[in-house]
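> The structure's right below; bear with me while I get my questions together.
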Amino acid sequence: MTFNRYTLYLIASMALVGANVGIGKTIVMVVPVTLFALMRFIVGVGILLPRYRLARMRTVTRRQWLGLFLQALFGTFLFTLLMLYGVSHTSALAAGVITSTIPAVVIVLSWLLLREKPGRRAVIAVALAVLGMVIINVSRTGGTAGAGSLLGNAMVAGAVVCESIYVILSRRLTQNLAAIDICAYTHLLGLLLMLPLGATAAWQFDYASVDAHTWLMVFWYGLAASVLSFWLWMKGIRHVPAQQAGVFTAALPVAAVSYAIAFLHEQPTLAHGIALLCVLAAIVLASGKDVATA
């Protein structure tokens, strides 16, 4: 059993998003959430500026623009706000644990919306991914899982729902639009949605109070979240069934938990290692062909 480049695109995309959970927690300790979110979109739109050609944009149909708006609303705007507000109230490790529900939510949505019936491999793989993250969630000895506030955990859970909707929507959009154009248009729409919320914070904030290293992290977050992870996901989802792609989102909590342990000094336990092995097994199993049936 081997991975192809499209499944690797999906794994790399979710790994970047997962690492950004910890990076985002570090940044929101010194930068207001709405300002940080606005900067994320400014960075993304700035990098993607060459893609905004009126002639090309006029070829996008009204139905496609509706899909792009929904993608921007759930996959960028709401996900960003809920995740950043969530990690400002809870630990990065707890946030990583909560994201383990993404594959299960995607399975349900893809069955309801895309009529993709889960095969045995999909069911077993999702069960392994969820089991792995449950092990982390119930293990509190020496770690910080479960220490987050109810509000923060609820916000991260809301971000999980948004991310799952994003997975389903992206499957359909990539059939007719280039991945880089989807990335550009959704982030332009995301910027327009975020602008009213971030404008006040941008006007009142004392920028001199933030060091250069934090600003570099802000730039990297914008690059990774708005361009790299988005483009990788769109390149992969075009060729991978939504249910199988949903299982690969298990790379998100793995990366989030790993970052929390390595850089935020949240203490690992044996349970963490066992849980991560479960998720890796789920990813290998999901790379098989018998994942979903029409």
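Identifiers in this document derive from the order of the structure tokens: chains are assigned A, B, ..., residues are numbered from 1 separately in each chain, and ligands are numbered from 1 in order of occurrence.
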I'd like the neighbourhood of Val257 of chain A as an mmCIF file with C-alpha atoms, in the first residue's frame, where a residue qualifies if any of its atoms comes within 7 Å (using only C-alpha atoms), though same-chain residues fewer than 3 positions away should be ignored.

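Here's the written file around29.cif:
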data_model
loop_
_atom_site.group_PDB
_atom_site.id
_atom_site.type_symbol
_atom_site.label_atom_id
_atom_site.label_comp_id
_atom_site.auth_asym_id
_atom_site.auth_seq_id
_atom_site.Cartn_x
_atom_site.Cartn_y
_atom_site.Cartn_z
ATOM 1 C CA LEU A 93 -3.276 20.390 23.183
ATOM 2 C CA GLY A 96 -5.751 19.505 18.919
ATOM 3 C CA PRO A 253 -4.707 17.052 15.499
ATOM 4 C CA VAL A 254 -1.465 15.079 15.219
ATOM 5 C CA ALA A 260 1.985 21.841 21.694
ATOM 6 C CA ILE A 261 4.417 19.297 23.107
#
> Give me the segment 148-169 of chain A side of the contact with segment 107-121 of chain A, cut-off 8 Å, one line per residue showing its nearest atom pair and distance in Å at one decimal, counting only C-alpha atoms, sorted by chain and residue number, as a tab-separated table.

residue	atom	partner	partner_atom	distance
A:Ser164	CA	A:Leu109	CA	7.7
A:Ile165	CA	A:Leu109	CA	7.5
A:Ile168	CA	A:Ser110	CA	6.4
> According to DSSP computed on the backbone, where in segment 78-139 of chain A is there alpha helix (DSSP H)? Give the residues as an MDAnalysis selection string.
chainID A and resid 79:87 92:98 102:114 120:138
> Residues as selected, N, CA and C atoms, written as a compact mmCIF listing (two decimals), in the first residue's frame, can you do that?

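The resulting out26.txt:
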# COMPACT_ATOMS: atom_id res chain seq x y z
N PHE A 79 -14.07 29.71 10.54
CA PHE A 79 -13.06 28.81 11.09
C PHE A 79 -11.96 29.58 11.79
N THR A 80 -11.48 30.65 11.15
CA THR A 80 -10.40 31.45 11.74
C THR A 80 -10.83 32.07 13.06
N LEU A 81 -11.99 32.72 13.07
CA LEU A 81 -12.46 33.37 14.29
C LEU A 81 -12.68 32.37 15.42
N LEU A 82 -13.37 31.28 15.13
CA LEU A 82 -13.68 30.31 16.17
C LEU A 82 -12.42 29.63 16.69
N MET A 83 -11.50 29.29 15.80
CA MET A 83 -10.27 28.63 16.24
C MET A 83 -9.40 29.57 17.07
N LEU A 84 -9.24 30.82 16.63
CA LEU A 84 -8.38 31.76 17.36
C LEU A 84 -8.99 32.16 18.70
N TYR A 85 -10.29 32.43 18.72
CA TYR A 85 -10.93 32.72 20.00
C TYR A 85 -10.89 31.49 20.90
N GLY A 86 -11.04 30.31 20.28
CA GLY A 86 -11.01 29.08 21.06
C GLY A 86 -9.67 28.84 21.74
N VAL A 87 -8.57 28.97 20.98
CA VAL A 87 -7.25 28.71 21.57
C VAL A 87 -6.83 29.81 22.54
N ALA A 92 -3.52 24.53 23.53
CA ALA A 92 -3.32 24.05 22.16
C ALA A 92 -3.51 22.54 22.10
N LEU A 93 -3.11 21.84 23.14
CA LEU A 93 -3.28 20.39 23.18
C LEU A 93 -4.76 20.02 23.21
N ALA A 94 -5.55 20.72 24.02
CA ALA A 94 -6.99 20.46 24.07
C ALA A 94 -7.62 20.76 22.71
N ALA A 95 -7.19 21.84 22.07
CA ALA A 95 -7.72 22.19 20.75
C ALA A 95 -7.37 21.11 19.73
N GLY A 96 -6.15 20.57 19.82
CA GLY A 96 -5.75 19.51 18.92
C GLY A 96 -6.60 18.27 19.11
N VAL A 97 -6.91 17.96 20.35
CA VAL A 97 -7.75 16.80 20.66
C VAL A 97 -9.14 16.96 20.05
N ILE A 98 -9.73 18.14 20.20
CA ILE A 98 -11.09 18.37 19.72
C ILE A 98 -11.18 18.23 18.20
N ILE A 102 -13.19 15.83 13.31
CA ILE A 102 -13.38 16.23 11.91
C ILE A 102 -13.68 15.04 11.00
N PRO A 103 -12.90 13.95 11.02
CA PRO A 103 -13.21 12.84 10.11
C PRO A 103 -14.62 12.30 10.27
N ALA A 104 -15.08 12.15 11.51
CA ALA A 104 -16.42 11.62 11.74
C ALA A 104 -17.48 12.57 11.20
N VAL A 105 -17.30 13.87 11.41
CA VAL A 105 -18.26 14.86 10.92
C VAL A 105 -18.28 14.86 9.40
N VAL A 106 -17.10 14.75 8.78
CA VAL A 106 -17.02 14.72 7.32
C VAL A 106 -17.71 13.48 6.76
N ILE A 107 -17.54 12.34 7.41
CA ILE A 107 -18.19 11.12 6.97
C ILE A 107 -19.71 11.31 6.93
N VAL A 108 -20.26 11.90 7.98
CA VAL A 108 -21.70 12.12 8.04
C VAL A 108 -22.15 13.10 6.96
N LEU A 109 -21.41 14.21 6.80
CA LEU A 109 -21.80 15.22 5.82
C LEU A 109 -21.68 14.69 4.39
N SER A 110 -20.61 13.94 4.11
CA SER A 110 -20.42 13.43 2.76
C SER A 110 -21.47 12.37 2.43
N TRP A 111 -21.92 11.64 3.44
CA TRP A 111 -22.99 10.65 3.22
C TRP A 111 -24.32 11.37 2.95
N LEU A 112 -24.59 12.42 3.73
CA LEU A 112 -25.85 13.14 3.58
C LEU A 112 -25.90 14.00 2.32
N LEU A 113 -24.78 14.68 2.02
CA LEU A 113 -24.77 15.65 0.93
C LEU A 113 -24.27 15.09 -0.39
N LEU A 114 -23.28 14.19 -0.34
CA LEU A 114 -22.68 13.67 -1.56
C LEU A 114 -23.07 12.22 -1.85
N ARG A 120 -15.95 -0.31 4.55
CA ARG A 120 -15.42 -0.83 5.81
C ARG A 120 -14.11 -0.15 6.20
N ARG A 121 -13.24 0.10 5.21
CA ARG A 121 -11.97 0.76 5.50
C ARG A 121 -12.21 2.14 6.11
N ALA A 122 -13.16 2.89 5.54
CA ALA A 122 -13.45 4.24 6.04
C ALA A 122 -13.93 4.19 7.48
N VAL A 123 -14.83 3.26 7.76
CA VAL A 123 -15.39 3.15 9.11
C VAL A 123 -14.29 2.80 10.12
N ILE A 124 -13.45 1.81 9.76
CA ILE A 124 -12.38 1.39 10.66
C ILE A 124 -11.35 2.51 10.84
N ALA A 125 -11.01 3.19 9.73
CA ALA A 125 -10.02 4.26 9.81
C ALA A 125 -10.51 5.42 10.68
N VAL A 126 -11.77 5.80 10.49
CA VAL A 126 -12.33 6.87 11.31
C VAL A 126 -12.37 6.45 12.77
N ALA A 127 -12.75 5.19 13.01
CA ALA A 127 -12.80 4.70 14.39
C ALA A 127 -11.42 4.77 15.05
N LEU A 128 -10.37 4.40 14.29
CA LEU A 128 -9.01 4.46 14.82
C LEU A 128 -8.61 5.90 15.13
N ALA A 129 -8.93 6.83 14.20
CA ALA A 129 -8.57 8.23 14.41
C ALA A 129 -9.27 8.80 15.63
N VAL A 130 -10.55 8.52 15.75
CA VAL A 130 -11.31 9.02 16.89
C VAL A 130 -10.83 8.37 18.19
N LEU A 131 -10.56 7.06 18.13
CA LEU A 131 -10.07 6.35 19.31
C LEU A 131 -8.75 6.96 19.79
N GLY A 132 -7.87 7.25 18.85
CA GLY A 132 -6.58 7.84 19.22
C GLY A 132 -6.73 9.16 19.94
N MET A 133 -7.61 10.01 19.44
CA MET A 133 -7.80 11.30 20.07
C MET A 133 -8.58 11.20 21.37
N VAL A 134 -9.45 10.19 21.48
CA VAL A 134 -10.17 9.97 22.75
C VAL A 134 -9.18 9.58 23.84
N ILE A 135 -8.19 8.77 23.47
CA ILE A 135 -7.16 8.36 24.43
C ILE A 135 -6.45 9.59 24.99
N ILE A 136 -6.12 10.54 24.10
CA ILE A 136 -5.47 11.78 24.55
C ILE A 136 -6.42 12.57 25.44
N ASN A 137 -7.68 12.61 25.05
CA ASN A 137 -8.66 13.43 25.77
C ASN A 137 -8.90 12.95 27.19
N VAL A 138 -8.92 11.62 27.38
CA VAL A 138 -9.20 11.09 28.71
C VAL A 138 -7.96 11.00 29.58
> A:Val227, A:Val279, A:Cys162, A:Leu191: which is nearest Leu38 of chain A, counting only C-alpha atoms?
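Answer, going by the shortest atom-to-atom distance: A:Leu191.
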> Have a look at atom CA of Trp215 of chain A and atom CA of Ala37 of chain A and let me know their distance in Å, one decimal.
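If I compute the distance from atom CA of Trp215 of chain A to atom CA of Ala37 of chain A, I get 13.0 Å.
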> What's around Leu70 of chain A at 9 Å? Count only C-alpha atoms, leave out sequence neighbours fewer than 4 positions away in its own chain, and write the answer as a PyMOL selection string.
chain A and resi 65-66+74-75+166+169+186
> Could the residues in this selection be written to a file with N, CA and C atoms, as a PDB file, in the first residue's frame?

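Written file, selection_7.pdb:
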ATOM      1  N   TRP A  65     -19.811  31.402  -7.655  1.00  0.00           N
ATOM      2  CA  TRP A  65     -19.561  32.463  -6.670  1.00  0.00           C
ATOM      3  C   TRP A  65     -20.278  32.169  -5.355  1.00  0.00           C
ATOM      4  N   LEU A  66     -21.458  31.574  -5.441  1.00  0.00           N
ATOM      5  CA  LEU A  66     -22.168  31.176  -4.222  1.00  0.00           C
ATOM      6  C   LEU A  66     -21.361  30.119  -3.472  1.00  0.00           C
ATOM      7  N   PHE A  74     -17.392  29.570   5.768  1.00  0.00           N
ATOM      8  CA  PHE A  74     -17.146  28.483   6.711  1.00  0.00           C
ATOM      9  C   PHE A  74     -15.661  28.126   6.825  1.00  0.00           C
ATOM     10  N   GLY A  75     -14.979  28.023   5.675  1.00  0.00           N
ATOM     11  CA  GLY A  75     -13.613  27.504   5.683  1.00  0.00           C
ATOM     12  C   GLY A  75     -12.535  28.491   6.050  1.00  0.00           C
ATOM     13  N   TYR A 166     -16.236  22.857   5.047  1.00  0.00           N
ATOM     14  CA  TYR A 166     -15.230  23.275   4.070  1.00  0.00           C
ATOM     15  C   TYR A 166     -14.737  22.098   3.245  1.00  0.00           C
ATOM     16  N   LEU A 169     -17.544  21.244   0.723  1.00  0.00           N
ATOM     17  CA  LEU A 169     -17.674  22.266  -0.319  1.00  0.00           C
ATOM     18  C   LEU A 169     -16.497  22.242  -1.290  1.00  0.00           C
ATOM     19  N   THR A 186     -11.693  32.918  -2.490  1.00  0.00           N
ATOM     20  CA  THR A 186     -12.252  32.732  -1.151  1.00  0.00           C
ATOM     21  C   THR A 186     -11.566  33.616  -0.125  1.00  0.00           C
TER      22      THR A 186
END
> Residues near Ala255 of chain A, anyone? I mean within 6 Å using only C-alpha atoms, not counting same-chain ones fewer than 5 positions away, as a list in words.
Ala15, Gly18 and Ala19 of chain A
> Just N, CA and C atoms for this one: save the residues we selected as a short mmCIF file (atom, residue, chain, number, x, y, z; two decimals), in the first residue's frame.

data_model
loop_
_atom_site.label_atom_id
_atom_site.label_comp_id
_atom_site.auth_asym_id
_atom_site.auth_seq_id
_atom_site.Cartn_x
_atom_site.Cartn_y
_atom_site.Cartn_z
N ALA A 15 -1.46 19.17 8.18
CA ALA A 15 -0.35 19.32 9.13
C ALA A 15 -0.02 20.79 9.34
N GLY A 18 -2.75 22.23 11.48
CA GLY A 18 -2.58 21.78 12.86
C GLY A 18 -1.48 22.54 13.59
N ALA A 19 -0.34 22.74 12.94
CA ALA A 19 0.74 23.50 13.56
C ALA A 19 0.31 24.93 13.84
#
> Which polymer residues have any atom within 10 Å of an atom of Gly222 of chain A, counting only C-alpha atoms, with same-chain residues fewer than 4 positions away left out, as a VMD selection string?
chain A and resid 20 36 to 45 47 216 to 218 226 to 228
> I'd like the interatomic distance between atom CA of Arg51 of chain A and atom CA of Thr7 of chain A, to a tenth of an Å.
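Atom CA of Thr7 of chain A lies at a distance of 25.7 Å from atom CA of Arg51 of chain A.
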> Which distance in Å separates atom CA of Gly190 of chain A and atom CA of Phe77 of chain A, to one decimal?
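Going from atom CA of Gly190 of chain A over to atom CA of Phe77 of chain A covers 5.4 Å.
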> For each of A:Leu151, A:Ile180, A:Leu16, A:Leu68, take the minimum atom-to-atom distance to Ala225 of chain A, counting only C-alpha atoms, then give the residue where this is smallest.
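For Ala225 of chain A, the nearest of the candidates is A:Leu16.
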> Skip segment 208-213 of chain A itself and residues of its chain fewer than 5 positions away, then list as a PyMOL selection string all residues within 10 Å of it, counting only C-alpha atoms.
chain A and resi 27+30-31+218-219
